[in-house]
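Below is one structure, written out as structure tokens; comments come after it.
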Amino acid sequence: MGTAAIEVRGLWKIFGPKADRIIGSPDADLEPAELRAKTGCTAAVRDVGFEVRPGEVFVVMGLSGSGKSTLVRCLTRLIEPTAGELRIDGQDVRAMSAKQLRELRRHRVSMVFQHFGLLPHRRVVDNVGYGLEIQGVGRSERNEKARRILSLVGLEGHEESYPEQLSGGMQQRVGLARALAVDPEVLLFDEPFSALDPLIRRDMQAEVIRLHREVGKTMVFITHDLSEALKLGERIAIMRAGAIVQVGTPEELVGAPADDYVADFVRDVPRAQVLSLRWICRAPEPGEPLDGPELPADTVIHDAVPYAMASDRPIRVVADGELVGVVSRVDILGAVRPGDGPLVGAAPAGAPGEA
Amino acid sequence: MVSAPVQAAPPVRAPAPVRRLPRWVAPVAGVVAVVALYVAFRGRAVLPHDDDATLFHWLNDARDWVDANRNSSPIFIYVVNYIRLGAAELFTLIQSALTALGWPGLVGLAAGLGWLAGGWRIALVSLAGFAGVGVLGFWEASVETLALTLSAVLLSLLFGIPLGVWAGRSPRVRRIVTPVLDVMQIMPTFSYLSPMVLLFLIGPASATIATMIYAMPPAIRITSLAIQRVPAVTVEASESLGATGGQTLRKVRLPLALNTIMLGVNQTIAAALAMVPLTALIAAPGLGEDLIRALARVNVGAALVPGVAIVLLAIVLDRVTRAAAQRRGGGNRARAVRWGGFAVLTAAGIALTPVMAQEFPEQWQVQIVRPINDVVDWIETHWYVFTGFLNDTVAYGLLNPLQNVLTSAPWWLITAAVLVFAWRLSGPAAGLVAAGCLLGVAALGLWAHSMETLTMVLVGSLITIAAGLALGVAAARSRWFAAVLRPLLDAAQTMPSFSYLLPAVALFGNGRFTAIMASFIYAVPVVARLVEDGLRAVPGTVMEAARSAGSTDRQLLWKVQLPMARGSLLLAANQGIVMTLAMVVIGALVGAGALGYDVVAGFAQQEDYGKGLAAGVALVLLGVMLDRITQGANGRRSPHKKRNA
Amino acid sequence: MRKFRLIAGVLVLGLSLAACGGAKVEDDSAAAPSASAAGAAGASAGGTVKMAINGWVGYEASAAVLSYLLEKELGYKVEKVTLAEEPSWQGLESGDVDVIVENWGHEDLKKKYIEEKNVAVEAGSTGNKGVIGWYVPEWMVQKYPDITDYKNLNKYADLFKTSESGGKGQMLDGDPSFVTNDEALVKNLKLNYKVVYAGSEAALIKAAKQATDQKKPLLMYFYEPQWLFNQVKLVKVNLPAYTEGCDADPKKVACDYPPYDLDKIVSKKFADTGGKAFELVKAFQWTNDDQNAVADDITNNGMSAEDAAKKWVEANPAKWQAWMPK
Ligand SMILES: Nc1ncnc2c1ncn2[C@@H]1O[C@H](COP(=O)(O)OP(=O)(O)OP(=O)(O)O)[C@@H](O)[C@H]1O
Ligand SMILES: [Mg+2]
């Protein structure tokens, strides 16, 4: 395994006066509300650590105010972290000079914002070309590049418009194009689609998935929408009150929540659509027939239903050619039922998780 | 200022029957105490005026030192004189540029700029306005006034915008700058002149600098506001792409703040135009000179016409900058049309310059001085009894008794009364500042004159606020009345304060009442407008609810509209008082005496210089005091929240 | 922004060009193109003469005739700067004024600007004799014959009470910038009066006319030469007689005003380089009646200053031709 694209260790961000004195003191362990009452400081990010692999889509989710935006801004020091280690591509970001930091932002990491942050006085091409412009790229070159990127995000024909003439979804495509135009290695998204209505949001999510497939960038994606997280994230980190409670694949979160908070979070997730057979299989009972259909262990439960219906024999679950257990019709029904509740937006065919 | 809270604020002085005792007991007890103390200590601890106060002599000595070292002290040779030189150069540059354009060229350029800023409508306004100035027969003087205004505005923006940007970016700078700006805006225009003359002598340079200082606060304030209002996300987006601070400023902050900054420019121009005529007192050329000469001859017509010329200039500059502030992008074609029209109009004007006469053609000028004077003469001879009666009534009935009380009361009693009053009305900080200002006035040795000025301000504001309230309420209730009133108020507001002295002099002769009448005409428009706006801002839903409960119109006014417009009413009172002070002071030019006279005498008589300078400071202190007392107004303190900053 | 930078650049450039050894106020070439350019020029090509205009019509009459001759006969351009008396002297220093046409005494200013600073020069008498004093309308003298003695003024103080005089008699003064000792006089002569400033000459004149027409009591500051004396009868009140030096300390004055020989003051620069313009200013001299005639036309006959000057010039060729430089 090569170096991680992003590596974060013991990261802290405390807003307020004399913030650096709090870290290491007993106050650091206080709950945020108590800390604020006692010192007037807000601990927005508390001792956070994680790694993002190159090319991975890493999702951070949590409730409003849990510190997601602060965390993602700390990655390029748009907000200066109070303490901790921070590496991108092996380079120490916190040690960077202002100039090096600018180079990092200009060429290697770019960001998409919830409220777009477009420049209303510039046409769409000029917005997309803005990153190149501040790098000193000449007009014709950046216009050419901007047009190419705009067609990539499906906005050809709108180059000359002003942002206010576009719909919200289109504006966010411009924001996306602006981030892509500088050809960064890493893309940071801070709740990019929260301001959009559900249908457009779904389009945009598909867009991101497509882009990820086409350009293969490392992505850190912030959201407070669980279904979005499950849909996009290879791994998901769950934040609560500034700290990361659990990091794992969607399956791991749903199947083995680390605490009640996470469990609460994932309660309404249709388990059958996220979990694989591995999570419900058991050792065959004595006398149970072992001639039923055979399915790989990472088959999503939902997909196993037809097999269970077709045969009254328990399904044999295999991994790497070995039997890891069996699942009976009853087991499958038991796993499906609690998830019969509200099913968020996704079509049954496009089930989340890896195919 | 339209901060009408939805939950009706409890009125300060509710006309409704009072239920709990303490609400009126405390004020009444206070008033009784003050009256009792006054009766007991009357005539003691008074501070009579002394022309020979040591402070005045010190200031005279300081002036003498400056005079003697103007050409030898390094501060002057290397700093002050260069500033003067630079300002003079700028003025000459702009003036000769404007003159070189010739009148057709300048009219063309104005129309072109109007077109550029706001299409044919504004172009027409510019054209008519500038041509009108020529028709009135004041072309040359107007160009000088324009040149002076433009140089001052240019300098104001040159310093004001960067300062505003800085203040907008840094809360600490903002905290330092805000109170300074407050004082600058309260300062009566008159107070600026003596120090300017000391440093920069008389002449257009001095005038430019004085006007620049006077006009700078709005530029700083509004730029700072504009920069603060730039959405944080946009700035963050720019930074996230690796923009340097400078790049973000140039490509994001300033462009996004531009429209608002243009409003700042608009306000700066308005302030400069208010100041420029007054600088004629220190030898600035332009329309102000005509005003002063008319004043010396008590020639109402000759004073009104240049006043109207200034109004025309003001309207053109206002409309053009306002339109520029509203301008939105638009496509390439729109841009081409804008610039094309600008080029065509300007070129047409300039092309006509060599063809047309150098001076604005005399046959196009209309003479309206004579008819105006005929009307004034008629009024003077026929209304004499009435105006004399009015003058005497106010003087004997209000001014003299009040002045007697204020000058015969012990200084500590007045200070204490102000302290308590301001404290109750606007909070402890305001009370302390107000009382501190009064102590300062006493320390300056100008107590008696300050009390005389205060008398005029109190009586003047009383009349002004009463009339402004009546007009504002009437305008808010009748669209028809508002439609008639608005343009009148607009014009009255842009008229230079000077111009108001003369009609008042013609009607009431010289003296304090004349100054009060002038300040009345000067301040009523603003008061009336603020009242009207405040009443109109009362939400329709609330009015509807009150009406559906069966309120009569009168109940609606007293129980809903006025209490809810409290913020605007207080602001109106605050503005009315500050403006009255500024004008009453100028009234010294027509015999109103007191501090204003000290200031005028200060730059007209050598041995009075120190007194004049001190009087300028005393005026500032009085202004700050009055402002603080009524500061509950400026939204700095709302009835619900605690004071914020 | 680009525009600002440009202007700032121009300013800095201008300053640095001038920045060799510091700036003195007379270096102020930009503000004072002045008559210097006109030095040797003939009648056709003149320079500019900056003439202070003080706030009384007699002054304006003299200035009108002078500028008419400068413009029409010598081809100069005259810029009139409306100013009070003392600021006019400052203008001589700052370069905003070349000529003061009618100066009333001002020994202190002469000392400062002529002797000490050496920026101004006397340019001879205007020929006008100036008188300043306290006046009452003639009808009052008929009614109260002893009123012309200052010692009796307190007796009549009640007559002169107005709304502005705070219970005392009113002593009406003109413009605060005029030469006046009245506050000191009232104080030092122990008069029960208060000095009230009407603000201008015109206001004084109006008061005098009203006092005569409506038989209203009036005590006021006034002066000669003044056209009004041809229309309204005013009588001077006798103050303690003037003696040389009795007015040396302005705060302690207790005597009448001195007789004034009105004179012209010009800036040093104008005297040195003003050429024919300076010669004309220096030679200008006329009588009180001449001035009153022109002032009367300006004030009462609805003429502009220029028209009134033209009328006088056309009627008195012999007088002005004597002033013209050879
Ligand atoms: N500049 C700041 N100064 C002080 N406190 C801040 C600042 N920015 C954020 N906070 C606090 O830090 C905490 C985390 O905020 P943050 O914006 O990171 O939350 P979030 O998870 O992004 O929430 P949301 O989903 O609403 O965007 C909040 O309590 C917030 O009030
Ligand atoms: Mg957020």
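Naming works like this for the structure tokens: A, B, ... for the chains as they're shown, residue 1 at the start of each chain, ligands 1 onward in shown order.
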Proximity of chain A to ligand 1: per-residue shortest pair, 12 Å limit, only C-alpha atoms and all ligand atoms, as CSV:
```
residue,atom,partner,partner_atom_place_in_ligand_line,distance
A:Trp12,CA,ligand 1,12 (O),11.4
A:Lys13,CA,ligand 1,12 (O),8.5
A:Ile14,CA,ligand 1,5 (N),7.8
A:Phe15,CA,ligand 1,4 (C),4.8
A:Gly16,CA,ligand 1,4 (C),6.4
A:Pro17,CA,ligand 1,4 (C),10.0
A:Ala19,CA,ligand 1,4 (C),10.9
A:Glu31,CA,ligand 1,29 (O),11.7
A:Pro32,CA,ligand 1,29 (O),8.1
A:Ala33,CA,ligand 1,29 (O),9.1
A:Leu35,CA,ligand 1,29 (O),11.4
A:Arg36,CA,ligand 1,29 (O),9.6
A:Gly40,CA,ligand 1,4 (C),9.7
A:Cys41,CA,ligand 1,4 (C),7.7
A:Thr42,CA,ligand 1,5 (N),5.6
A:Ala43,CA,ligand 1,12 (O),6.5
A:Ala44,CA,ligand 1,12 (O),4.1
A:Val45,CA,ligand 1,14 (C),7.3
A:Arg46,CA,ligand 1,14 (C),10.4
A:Val60,CA,ligand 1,21 (O),9.4
A:Met61,CA,ligand 1,21 (O),8.0
A:Gly62,CA,ligand 1,21 (O),6.4
A:Leu63,CA,ligand 1,25 (O),5.9
A:Ser64,CA,ligand 1,25 (O),3.4
A:Gly65,CA,ligand 1,19 (O),3.4
A:Ser66,CA,ligand 1,21 (O),3.9
A:Gly67,CA,ligand 1,18 (O),3.2
A:Lys68,CA,ligand 1,21 (O),3.8
A:Ser69,CA,ligand 1,22 (O),3.6
A:Thr70,CA,ligand 1,18 (O),3.7
A:Leu71,CA,ligand 1,18 (O),6.4
A:Val72,CA,ligand 1,18 (O),8.2
A:Arg73,CA,ligand 1,18 (O),8.5
A:Cys74,CA,ligand 1,18 (O),9.8
A:Leu78,CA,ligand 1,1 (N),10.9
A:Ile79,CA,ligand 1,1 (N),8.3
A:Glu80,CA,ligand 1,1 (N),10.5
A:Pro81,CA,ligand 1,1 (N),11.8
A:Phe113,CA,ligand 1,27 (O),10.6
A:Gln114,CA,ligand 1,27 (O),8.6
A:His115,CA,ligand 1,27 (O),10.8
A:Phe189,CA,ligand 1,22 (O),11.4
A:Asp190,CA,ligand 1,22 (O),7.9
A:Glu191,CA,ligand 1,27 (O),7.5
A:Pro192,CA,ligand 1,27 (O),10.6
A:Phe193,CA,ligand 1,25 (O),11.9
A:Ser194,CA,ligand 1,25 (O),9.3
A:Ala195,CA,ligand 1,27 (O),11.3
A:Phe221,CA,ligand 1,22 (O),11.8
A:Ile222,CA,ligand 1,22 (O),8.3
A:Thr223,CA,ligand 1,25 (O),7.4
A:His224,CA,ligand 1,25 (O),6.2
A:Asp225,CA,ligand 1,25 (O),9.7
A:Ile238,CA,ligand 1,21 (O),10.7
A:Met239,CA,ligand 1,21 (O),8.1
A:Arg240,CA,ligand 1,21 (O),8.6
A:Ala241,CA,ligand 1,14 (C),7.7
A:Gly242,CA,ligand 1,14 (C),6.9
A:Ala243,CA,ligand 1,14 (C),10.6
A:Ile244,CA,ligand 1,21 (O),11.6
```
Write the residues of the selection above to a file with C-alpha atoms, as a short mmCIF file (atom, residue, chain, number, x, y, z; two decimals), in the first residue's frame.
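So the final result, stored in result04.cif, reads:
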```
data_model
loop_
_atom_site.label_atom_id
_atom_site.label_comp_id
_atom_site.auth_asym_id
_atom_site.auth_seq_id
_atom_site.Cartn_x
_atom_site.Cartn_y
_atom_site.Cartn_z
CA TRP A 12 -7.91 19.78 16.80
CA LYS A 13 -9.72 22.96 16.01
CA ILE A 14 -10.90 25.12 18.88
CA PHE A 15 -12.50 28.47 18.18
CA GLY A 16 -12.15 31.18 20.74
CA PRO A 17 -9.61 33.02 22.85
CA ALA A 19 -7.61 28.08 22.20
CA GLU A 31 -18.27 17.99 26.29
CA PRO A 32 -18.48 20.96 23.87
CA ALA A 33 -21.34 22.61 25.73
CA LEU A 35 -16.32 23.67 27.42
CA ARG A 36 -18.13 26.65 25.97
CA GLY A 40 -16.03 30.50 26.00
CA CYS A 41 -14.29 28.35 23.38
CA THR A 42 -15.92 26.04 20.88
CA ALA A 43 -14.20 22.77 20.11
CA ALA A 44 -15.30 22.17 16.56
CA VAL A 45 -12.85 19.37 15.75
CA ARG A 46 -11.54 17.15 18.51
CA VAL A 60 -17.67 12.45 6.39
CA MET A 61 -21.09 12.70 7.86
CA GLY A 62 -22.68 13.92 11.01
CA LEU A 63 -25.39 16.16 12.31
CA SER A 64 -25.42 19.89 11.82
CA GLY A 65 -22.77 21.52 13.96
CA SER A 66 -20.75 18.37 14.41
CA GLY A 67 -17.70 20.02 12.86
CA LYS A 68 -17.69 18.59 9.34
CA SER A 69 -17.16 21.89 7.56
CA THR A 70 -14.48 22.90 9.98
CA LEU A 71 -12.69 19.61 9.48
CA VAL A 72 -12.69 19.80 5.71
CA ARG A 73 -11.49 23.41 5.78
CA CYS A 74 -8.67 22.44 8.07
CA LEU A 78 -8.68 27.57 5.09
CA ILE A 79 -9.27 27.32 8.81
CA GLU A 80 -6.01 27.07 10.70
CA PRO A 81 -6.01 23.90 12.83
CA PHE A 113 -19.02 24.61 -1.56
CA GLN A 114 -22.55 24.18 -0.33
CA HIS A 115 -23.55 27.68 -1.37
CA PHE A 189 -16.91 18.68 -1.22
CA ASP A 190 -18.65 20.48 1.61
CA GLU A 191 -22.28 19.43 1.45
CA PRO A 192 -22.35 20.36 -2.20
CA PHE A 193 -25.91 19.25 -2.84
CA SER A 194 -27.73 20.17 0.35
CA ALA A 195 -29.11 23.33 -1.18
CA PHE A 221 -17.25 14.36 0.60
CA ILE A 222 -19.10 16.01 3.43
CA THR A 223 -22.78 15.39 3.88
CA HIS A 224 -25.41 15.08 6.53
CA ASP A 225 -27.57 12.93 4.34
CA ILE A 238 -19.29 9.53 11.38
CA MET A 239 -18.72 12.66 13.44
CA ARG A 240 -20.33 13.68 16.63
CA ALA A 241 -19.53 16.86 18.54
CA GLY A 242 -16.23 17.30 16.73
CA ALA A 243 -14.93 13.77 17.12
CA ILE A 244 -15.05 10.83 14.77
#
```
Query - Those in region 125-255 of chain C with alpha helix (DSSP H) from DSSP, as number ranges by chain - result: C: 138-143, 182-188, 201-213
Please save N, CA and C atoms of the selected residues as a compact mmCIF listing (two decimals), in the first residue's frame.
```txt
# COMPACT_ATOMS: atom_id res chain seq x y z
N GLU C 138 -30.84 111.19 12.66
CA GLU C 138 -30.90 112.60 12.99
C GLU C 138 -32.09 112.96 13.88
N TRP C 139 -33.22 112.27 13.67
CA TRP C 139 -34.41 112.63 14.45
C TRP C 139 -34.18 112.42 15.94
N MET C 140 -33.31 111.47 16.25
CA MET C 140 -33.06 111.24 17.67
C MET C 140 -32.32 112.43 18.29
N VAL C 141 -31.43 113.01 17.49
CA VAL C 141 -30.68 114.16 18.00
C VAL C 141 -31.61 115.34 18.24
N GLN C 142 -32.60 115.48 17.34
CA GLN C 142 -33.56 116.56 17.56
C GLN C 142 -34.37 116.32 18.81
N LYS C 143 -34.68 115.07 19.04
CA LYS C 143 -35.53 114.77 20.18
C LYS C 143 -34.74 114.73 21.49
N ASP C 182 -15.65 98.00 19.24
CA ASP C 182 -16.85 98.35 19.99
C ASP C 182 -17.06 97.57 21.27
N GLU C 183 -16.70 96.29 21.24
CA GLU C 183 -16.90 95.53 22.48
C GLU C 183 -16.02 96.09 23.59
N ALA C 184 -14.77 96.43 23.23
CA ALA C 184 -13.87 97.01 24.22
C ALA C 184 -14.39 98.37 24.67
N LEU C 185 -14.90 99.15 23.72
CA LEU C 185 -15.41 100.48 24.06
C LEU C 185 -16.56 100.39 25.05
N VAL C 186 -17.50 99.51 24.74
CA VAL C 186 -18.65 99.36 25.62
C VAL C 186 -18.19 99.00 27.03
N LYS C 187 -17.22 98.09 27.07
CA LYS C 187 -16.74 97.63 28.36
C LYS C 187 -15.97 98.73 29.08
N ASN C 188 -15.04 99.34 28.35
CA ASN C 188 -14.13 100.28 29.01
C ASN C 188 -14.79 101.62 29.32
N GLU C 201 -22.79 94.93 5.95
CA GLU C 201 -23.03 96.34 5.71
C GLU C 201 -24.49 96.56 5.31
N ALA C 202 -24.96 95.68 4.44
CA ALA C 202 -26.32 95.86 3.95
C ALA C 202 -27.32 95.83 5.09
N ALA C 203 -27.05 94.97 6.06
CA ALA C 203 -27.96 94.87 7.19
C ALA C 203 -27.94 96.17 8.00
N LEU C 204 -26.75 96.77 8.13
CA LEU C 204 -26.65 98.06 8.82
C LEU C 204 -27.47 99.12 8.07
N ILE C 205 -27.30 99.12 6.76
CA ILE C 205 -27.99 100.13 5.96
C ILE C 205 -29.50 100.00 6.11
N LYS C 206 -29.93 98.73 6.07
CA LYS C 206 -31.35 98.49 6.21
C LYS C 206 -31.85 99.01 7.56
N ALA C 207 -31.07 98.73 8.57
CA ALA C 207 -31.46 99.18 9.91
C ALA C 207 -31.54 100.71 9.95
N ALA C 208 -30.55 101.36 9.33
CA ALA C 208 -30.52 102.83 9.35
C ALA C 208 -31.74 103.40 8.63
N LYS C 209 -32.09 102.79 7.51
CA LYS C 209 -33.24 103.29 6.76
C LYS C 209 -34.52 103.12 7.56
N GLN C 210 -34.65 101.93 8.16
CA GLN C 210 -35.85 101.69 8.96
C GLN C 210 -35.93 102.65 10.14
N ALA C 211 -34.77 102.87 10.75
CA ALA C 211 -34.75 103.75 11.93
C ALA C 211 -35.20 105.15 11.55
N THR C 212 -34.84 105.56 10.33
CA THR C 212 -35.23 106.90 9.90
C THR C 212 -36.71 106.94 9.49
N ASP C 213 -37.08 105.94 8.68
CA ASP C 213 -38.46 105.94 8.17
C ASP C 213 -39.48 105.74 9.28
```
Requested in this report: From region 124-306 of chain A, collect each residue whose DSSP state is strand (DSSP E or B) and return the set as a ChimeraX atom specification.
Outcome: /A:186-190,218-223,235-240,243-248,276,282,294-296,300
Could you write out that same residue set with N, CA, C and O atoms as a compact mmCIF listing (two decimals), in the first residue's frame?
```txt
# COMPACT_ATOMS: atom_id res chain seq x y z
N VAL A 186 -6.95 16.05 -5.48
CA VAL A 186 -7.96 15.81 -4.44
C VAL A 186 -9.09 16.81 -4.61
O VAL A 186 -8.85 18.00 -4.84
N LEU A 187 -10.33 16.32 -4.48
CA LEU A 187 -11.48 17.22 -4.49
C LEU A 187 -12.15 17.17 -3.13
O LEU A 187 -12.38 16.08 -2.61
N LEU A 188 -12.42 18.33 -2.57
CA LEU A 188 -13.13 18.37 -1.30
C LEU A 188 -14.53 18.91 -1.57
O LEU A 188 -14.70 19.90 -2.25
N PHE A 189 -15.53 18.22 -1.04
CA PHE A 189 -16.91 18.68 -1.22
C PHE A 189 -17.50 18.98 0.15
O PHE A 189 -17.52 18.10 1.00
N ASP A 190 -17.98 20.19 0.35
CA ASP A 190 -18.65 20.48 1.61
C ASP A 190 -20.14 20.58 1.37
O ASP A 190 -20.65 21.60 0.93
N THR A 218 -9.19 11.51 -5.93
CA THR A 218 -9.47 11.27 -4.52
C THR A 218 -10.51 12.30 -4.10
O THR A 218 -10.40 13.47 -4.45
N MET A 219 -11.51 11.86 -3.36
CA MET A 219 -12.56 12.80 -2.97
C MET A 219 -12.86 12.68 -1.49
O MET A 219 -12.96 11.57 -0.96
N VAL A 220 -13.00 13.86 -0.87
CA VAL A 220 -13.52 13.88 0.50
C VAL A 220 -14.86 14.58 0.41
O VAL A 220 -14.96 15.70 -0.08
N PHE A 221 -15.89 13.88 0.85
CA PHE A 221 -17.25 14.36 0.60
C PHE A 221 -17.97 14.52 1.92
O PHE A 221 -18.12 13.57 2.69
N ILE A 222 -18.39 15.74 2.18
CA ILE A 222 -19.10 16.01 3.43
C ILE A 222 -20.60 15.98 3.16
O ILE A 222 -21.06 16.54 2.17
N THR A 223 -21.33 15.35 4.04
CA THR A 223 -22.78 15.39 3.88
C THR A 223 -23.44 15.13 5.23
O THR A 223 -22.79 14.63 6.15
N ARG A 235 -15.76 4.59 2.04
CA ARG A 235 -15.72 4.52 3.49
C ARG A 235 -16.39 5.78 4.04
O ARG A 235 -16.35 6.84 3.41
N ILE A 236 -16.95 5.65 5.21
CA ILE A 236 -17.69 6.76 5.80
C ILE A 236 -17.17 6.99 7.21
O ILE A 236 -16.95 6.02 7.95
N ALA A 237 -16.94 8.26 7.54
CA ALA A 237 -16.59 8.58 8.92
C ALA A 237 -17.79 9.29 9.54
O ALA A 237 -18.37 10.17 8.93
N ILE A 238 -18.15 8.89 10.71
CA ILE A 238 -19.29 9.53 11.38
C ILE A 238 -18.76 10.43 12.49
O ILE A 238 -17.96 9.99 13.33
N MET A 239 -19.20 11.70 12.45
CA MET A 239 -18.72 12.66 13.44
C MET A 239 -19.82 12.99 14.42
O MET A 239 -20.99 13.08 14.06
N ARG A 240 -19.39 13.19 15.65
CA ARG A 240 -20.33 13.68 16.63
C ARG A 240 -19.57 14.66 17.52
O ARG A 240 -18.51 14.33 18.03
N ALA A 243 -15.80 14.95 17.15
CA ALA A 243 -14.93 13.77 17.12
C ALA A 243 -15.49 12.75 16.14
O ALA A 243 -16.69 12.74 15.86
N ILE A 244 -14.59 11.90 15.65
CA ILE A 244 -15.05 10.83 14.77
C ILE A 244 -15.41 9.64 15.64
O ILE A 244 -14.62 9.18 16.47
N VAL A 245 -16.64 9.15 15.46
CA VAL A 245 -17.11 8.06 16.29
C VAL A 245 -16.76 6.72 15.66
O VAL A 245 -16.42 5.76 16.34
N GLN A 246 -16.85 6.68 14.36
CA GLN A 246 -16.58 5.41 13.70
C GLN A 246 -16.22 5.66 12.26
O GLN A 246 -16.78 6.55 11.60
N VAL A 247 -15.26 4.86 11.73
CA VAL A 247 -14.94 4.91 10.31
C VAL A 247 -15.10 3.51 9.77
O VAL A 247 -14.64 2.55 10.38
N GLY A 248 -15.76 3.41 8.62
CA GLY A 248 -15.88 2.07 8.05
C GLY A 248 -16.65 2.10 6.76
O GLY A 248 -17.15 3.15 6.33
N SER A 276 -24.41 -7.64 3.51
CA SER A 276 -24.25 -8.82 2.66
C SER A 276 -24.59 -10.07 3.48
O SER A 276 -24.80 -9.99 4.70
N ARG A 282 -24.91 -18.20 9.37
CA ARG A 282 -24.60 -18.88 10.63
C ARG A 282 -24.09 -20.27 10.31
O ARG A 282 -24.22 -20.77 9.18
N GLU A 294 -25.71 -21.76 -4.02
CA GLU A 294 -24.49 -21.23 -3.43
C GLU A 294 -24.31 -19.77 -3.84
O GLU A 294 -24.48 -19.43 -5.02
N LEU A 295 -24.05 -18.91 -2.88
CA LEU A 295 -23.87 -17.47 -3.19
C LEU A 295 -22.61 -16.94 -2.51
O LEU A 295 -22.26 -17.39 -1.42
N PRO A 296 -21.94 -15.96 -3.15
CA PRO A 296 -20.75 -15.39 -2.51
C PRO A 296 -21.15 -14.63 -1.24
O PRO A 296 -22.26 -14.10 -1.14
N VAL A 300 -25.41 -8.85 -1.50
CA VAL A 300 -26.32 -8.07 -0.66
C VAL A 300 -27.56 -8.90 -0.38
O VAL A 300 -28.07 -9.57 -1.28
```
Report task. Find the spatial neighbours of Ser200 (chain C), counting only C-alpha atoms, within a cut-off of 7 Å - ignore same-chain residues fewer than 4 positions away - and output them as an MDAnalysis selection string. Result -> (chainID B and resid 296) or (chainID C and resid 174:175 204)
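Within 8 Å of chain B, chain A contributes the residues Thr76, Leu78, Leu101, Arg102, Glu103, Leu104, Arg105, Arg106, Ser110, Met111, Val112, Phe113, His115, Phe116, Gly117, Leu118, Leu119, Pro120, His121, Gly131, Ile134, Gln135 and Ala179 of chain A, using only C-alpha atoms.
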Query - Selection near Ser125 (chain C), 8 Å with only C-alpha atoms, sequence-local residues under 4 positions removed, as a PyMOL selection string - result: chain C and resi 261-264+285
Write out, as an mmCIF file, in the first residue's frame, the residues just selected, with C-alpha atoms.
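Final file, part.cif:
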```
data_model
loop_
_atom_site.group_PDB
_atom_site.id
_atom_site.type_symbol
_atom_site.label_atom_id
_atom_site.label_comp_id
_atom_site.auth_asym_id
_atom_site.auth_seq_id
_atom_site.Cartn_x
_atom_site.Cartn_y
_atom_site.Cartn_z
ATOM 1 C CA ASP C 261 -6.111 107.381 5.246
ATOM 2 C CA LEU C 262 -7.268 104.432 3.197
ATOM 3 C CA ASP C 263 -4.511 102.793 1.193
ATOM 4 C CA LYS C 264 -3.751 99.935 -1.148
ATOM 5 C CA GLN C 285 -6.392 107.726 -6.330
#
```
**Report entry** Distance filter 6 Å, only C-alpha atoms, chain B against chain C, as a VMD selection string
**Finding:** chain B and resid 71 77 to 78 81 88 to 89 296 to 298 395 510 589 to 591 601 604
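CA of Gly233 (chain A) lies 5.4 Å from CA of Val57 (chain A).
For the pair CA of Ala5 (chain A) and CA of Leu253 (chain A), the interatomic distance is 22.8 Å.
Residues with any atom within 10 Å of Ala294 (chain B), counting only C-alpha atoms and excluding same-chain neighbours fewer than 5 positions away, are Gly288, Glu289, Asn299, Val300, Gly301, Ala302, Ala303, Leu304, Pro306, Ser499 and Leu502 of chain B; Ala202 of chain C.
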Would you save the residues of that selection, restricted to C-alpha atoms, as an mmCIF file, in the first residue's frame?
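As a result, result_3.cif now contains:
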```cif
data_model
loop_
_atom_site.group_PDB
_atom_site.id
_atom_site.type_symbol
_atom_site.label_atom_id
_atom_site.label_comp_id
_atom_site.auth_asym_id
_atom_site.auth_seq_id
_atom_site.Cartn_x
_atom_site.Cartn_y
_atom_site.Cartn_z
ATOM 1 C CA GLY B 288 -20.097 79.911 -2.477
ATOM 2 C CA GLU B 289 -18.501 83.235 -3.253
ATOM 3 C CA ASN B 299 -29.919 90.155 -1.739
ATOM 4 C CA VAL B 300 -32.256 87.188 -1.558
ATOM 5 C CA GLY B 301 -32.480 86.587 -5.279
ATOM 6 C CA ALA B 302 -28.746 86.673 -5.705
ATOM 7 C CA ALA B 303 -28.424 84.069 -2.979
ATOM 8 C CA LEU B 304 -31.158 81.751 -4.181
ATOM 9 C CA PRO B 306 -26.515 80.092 -7.003
ATOM 10 C CA SER B 499 -28.881 79.819 0.945
ATOM 11 C CA LEU B 502 -31.122 85.031 3.318
ATOM 12 C CA ALA C 202 -26.323 95.859 3.947
#
```
